[in-house]
Structures are given as C-alpha cells and as structure tokens.
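Enquirer: Can you keep this structure in mind? I'll have questions shortly.
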Amino acid sequence: MPEQLSVTIHSLGARGDGLADADGMPVYVPLALPGETVTVEVTERRKNGIYARLVSVDQASEHRQSPPCTHYDACGGCQLQHLDDDLYGDWVRDRAGFALSQHGFDDVVVSPPFITPPASRRRLAMKAVYTAAGVILGFSESGSHRVVNIEACTVARPELQALLAPLRLLLASILGSSQMATLHLVLTDSGVDLLIEGPKELGLAERELCVAFADGQDIAAFHWQVEGFLDPLVIRREPIMNFAGAKVPVPPAAFMQATRESQAALTEAVVGACHGSKRVADLFCGLGTFTFPLAKAHQVLAVEGARDALLALEAGRNGAQRQGVVFKQIVTRHRDLFRRPLAAEELKGFDAVVVDPPRAGAQAQMAELARSVVPKIVSVSCNPNTFARDARLLADGGYQLVSLLPVDQFLWSSHLELVGVFER
C-alpha cells in the first residue's frame, strides 16, 4: 500500500512546488500552497528530500483558485494556475530573490515583476503523434513523454490557437501509425512561421496538402524538416520582426522573446539602463531585439555566435538603411562567446555592455567582464540560477548589482527572465 503523509505546506519552491517537512526532510508537493494542510502519497524518497503526489487538500489556502485551463491537471506546460494573482506575483518576485540569496546577495531590492497576460504567447513548440483514435497534438505531460491532446491553450495567442484543429487534420493525412512530429509555431509581424520536424520525406500529394493548408490558414512560411534537411514547402510572405524600424527576416524556428509584451518590458529596461552611454556592446545579440532600439541613441557592437541570426540582423540593418531608418551605428561580429569571450582588453572604450546568453549563462564571458573597466553591465537572463552564479563573478570583480527586474514571459510556469544592472 502506498505510503501517505499529512503535512502542512510552509512555502513554495523554485519550481512552484509546495514545501513541507516530514521525518526531518523536506517534502516536495506539486499543486500545494503555503498554509495548506494536505494529504500526500510518497512517490520517491531521495537523499535530498521526499517527493510526493497531492491526494487531497484538507485545509485550503485563501490564495487557491480554479485553474483557467481545462487541460491543467494533465498538461506540463503550466504548473501554477492554481495560484491567485497576489500569491503568484509574490512567488515570481521571491523566486528571483531566492536565487540571488544562494550566491550571497541578501540585500538586493527586487523591483515589482512584469507579468505577461494570458493569450499572449507567440511561439509554441508542440508534439504530434498518430494514434488509432486520431492525431494527438499538444504538450508533454508533467514528468512524462506522453503527449496531452490540447484543444485550446490559455497562454497562446488566438492566431496560434486557431491552427490547432486544422493542423490535426493535416497531420492525420501525413503521419503513419505511431509516427511523431515536432511543431514550431512562431507568430511574426508578417504572419505565422511554421516548421514541422517530421519522420519522413513528403510525397507530391502530401506537399500539395501542405501548400493548400498554408493558403487556407494564411501561413506566412511553412518548412518541413527531416534529419536536419530543411525543405521550404511554401513562402507566401517572408517572416519578419520589426525592431525599432528595422525589418529583420526571421529564420525558421528562430529564437525571439515569447510575448510582445515581455519584449517591450525587457527592451525598455535595457535601453533605460544604457541611457547616457555612447558605445554599447550587445553580446549574444540574436536577431537584434536590443541592438536596434539601442542603436537609436548609441553606437552598438552586436556580437553573436549563431551565423543565421547575425545574417538576419545584418539584413535588417541594411534594409533599414535603404529605407532611410536612422541608427547611430551598428557593427556586427560573428564570434562564439562561449569559446572565445570578448577579453577585458577588447572591452575598453565601451560605456555599457548588454549580455543576454542562453539558459546556461555566460560564465566565461562574465569572468572577462569582471576583469574589465566597463562602467555599466546589463545582464539579461532566462535562468535565475545561472544569472545569480554569473552575478557573483561580477560582484567579486568589483561590480554592484543596483537594480533587478523580474519579467515573467512564461505565464504560470517556473521559467523567469531577469534584467540586472551592474555598476562599478
């Protein structure tokens, strides 16, 4: 018989799990809230704690709400829809503060978080699998590879939600028994960019179905990819993003900020922090989300290791120049900043550096920045833990963290973006 415990939740962990204590160990209970008395079933005992499944809420928190999504109990995309707005906002702020406290930052004032609204996510990565009952299209179940069939997604833009049913019909005519596909949907400023990683090459009839689908659903661009080979099925309009007047062509499934609202909040924070600077280096610049807004008032060096992204940025810059859009100066450099970070000597002459690395952080680059004499560093991160680790390097090098803004662009999930401003 499974082991059951009655515990009282005292706080929320970094992943949003309820935390309790039993047998001298922490107990991790997904879907439980602080102040609640709950009955749980132990699923695993490890050295670092007891992992449990919520059986019943015996005394509920006043901050518990009914999740707005009908798929919430199964889908692993959102973990925190059972928190009301007040508790959720507090948790977002505390999540940032806790990560920093683990690296010795105990007195940082965390600004009120920017929380993106529902129905605003403009990029989705979904799974599809062919079954006897039809094509299942959705997201993985929490802690599992099983795909949960999604009829509607509470966080996604309506333009993307409207494609779910038509995509099922299309894939039902393409996929064979038990075959799977991965779908990348990105809503650009010129329409939806769709990339499907499929299990096979398409025949003529299947290609015609895809073209008809793109025409019927007003898809901007549709690519099919097999074993790394990218097949452009139809390009009705070039996918573009408009960054401060520069129309940047978007490579298939390219990275961009998850919502328009969060991009605006991040850009405002970055540009505001660099006010008064003359020369700015934008490291891990990507498509130029920050490069172009910064270049309205600053000379910018844009450095990126992904060649496709940098070529797109350069195309946007050159096109803007032809159209008379005025920027101060944008100089680009293709460089793998993980293997060859800009050295402290190379950073001389810059008044500010913006660094926006992937989730793994930028430990090598931060070590060079810590040795530099750059007056101001703006660190943008999608991982509070690696942000705090890298912040420690800067602090040990003489920088002070003067402001921290949490930006929650993955609503109701444990993912969190941070913008930290460091000064010498």
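Note on naming: chains are A, B, ... as they come in the structure tokens, residues start from 1 per chain, ligands start from 1 in the order shown.
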Would you return as number ranges by chain the members of stretch 111-257 of chain A that DSSP assigns to strand (DSSP E) on this structure's backbone?
Expert: A: 114-115, 123-131, 134-140, 147-149, 180-188, 191-197, 221-226, 229-235, 240-243, 246-249
Enquirer: Can you spit out the residues from that selection as a compact mmCIF listing (two decimals), in the first residue's frame, using C-alpha atoms?
Expert:
```txt
# COMPACT_ATOMS: atom_id res chain seq x y z
CA PHE A 114 6.32 42.44 -15.02
CA ILE A 115 3.89 39.57 -15.64
CA ARG A 123 5.81 30.94 -30.09
CA LEU A 124 4.94 27.34 -29.31
CA ALA A 125 6.79 24.03 -29.56
CA MET A 126 4.32 21.14 -29.72
CA LYS A 127 4.34 17.40 -30.27
CA ALA A 128 2.05 15.40 -32.56
CA VAL A 129 1.59 11.63 -32.61
CA TYR A 130 -0.62 9.48 -34.83
CA THR A 131 -2.85 7.09 -32.89
CA GLY A 134 -6.56 10.22 -34.49
CA VAL A 135 -3.70 12.69 -34.23
CA ILE A 136 -2.87 13.87 -30.73
CA LEU A 137 -1.41 17.37 -30.75
CA GLY A 138 -0.22 19.12 -27.63
CA PHE A 139 2.42 19.28 -24.92
CA SER A 140 4.11 16.63 -22.80
CA VAL A 147 1.55 13.91 -25.20
CA VAL A 148 -1.57 15.58 -23.82
CA ASN A 149 -4.11 16.45 -26.50
CA MET A 180 5.55 11.55 -34.33
CA ALA A 181 6.36 15.11 -35.35
CA THR A 182 7.54 18.24 -33.57
CA LEU A 183 5.92 21.54 -34.50
CA HIS A 184 7.38 25.02 -34.06
CA LEU A 185 4.88 27.85 -34.46
CA VAL A 186 6.09 31.44 -34.35
CA LEU A 187 3.81 34.42 -34.84
CA THR A 188 5.98 37.02 -36.55
CA GLY A 191 2.27 36.12 -40.01
CA VAL A 192 2.84 32.60 -38.73
CA ASP A 193 6.12 30.85 -39.44
CA LEU A 194 5.56 27.08 -39.21
CA LEU A 195 8.30 24.46 -39.05
CA ILE A 196 7.46 20.77 -38.69
CA GLU A 197 10.17 18.24 -37.88
CA ALA A 221 6.04 30.38 -44.31
CA PHE A 222 5.91 26.59 -43.96
CA HIS A 223 9.03 24.39 -43.72
CA TRP A 224 9.25 20.62 -43.33
CA GLN A 225 12.44 19.21 -41.80
CA VAL A 226 13.71 15.61 -41.91
CA PHE A 229 17.30 18.84 -44.02
CA LEU A 230 15.07 21.92 -44.24
CA ASP A 231 12.51 21.83 -47.03
CA PRO A 232 10.74 25.16 -47.74
CA LEU A 233 7.28 23.99 -48.79
CA VAL A 234 5.83 27.45 -49.28
CA ILE A 235 6.93 31.02 -48.59
CA ILE A 240 9.91 39.37 -40.33
CA MET A 241 10.19 41.10 -36.96
CA ASN A 242 10.19 44.87 -36.70
CA PHE A 243 12.76 46.04 -34.18
CA ALA A 246 14.36 47.57 -38.82
CA LYS A 247 12.51 44.72 -40.55
CA VAL A 248 14.56 41.65 -39.68
CA PRO A 249 13.96 38.40 -41.62
```
Enquirer: Could you give me the residues within stretch 288-389 of chain A that DSSP places in alpha helix (DSSP H), as a ChimeraX atom specification?
Expert: /A:291-295,307-322,363-371,384-389
Enquirer: Counting only C-alpha atoms, figure out which residue out of A:Glu417, A:Glu238, A:Asp282, A:Asp218 gets nearest to A:Glu304.
Expert: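 Closest candidate: A:Asp282.
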Enquirer: Determine the nearest neighbour of A:Glu159 from the options A:Lys278, A:Arg15, A:Arg121, A:His71, counting only C-alpha atoms.
Expert: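 With only C-alpha atoms as the atom set, the closest residue is A:Arg121.
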Enquirer: Can you work out which one of A:Phe327, A:Phe387, A:Phe422, A:Phe410 has the shortest atom-to-atom distance to A:Pro357, counting only C-alpha atoms?
Expert: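 Of all the options, A:Phe387 lies closest to A:Pro357.
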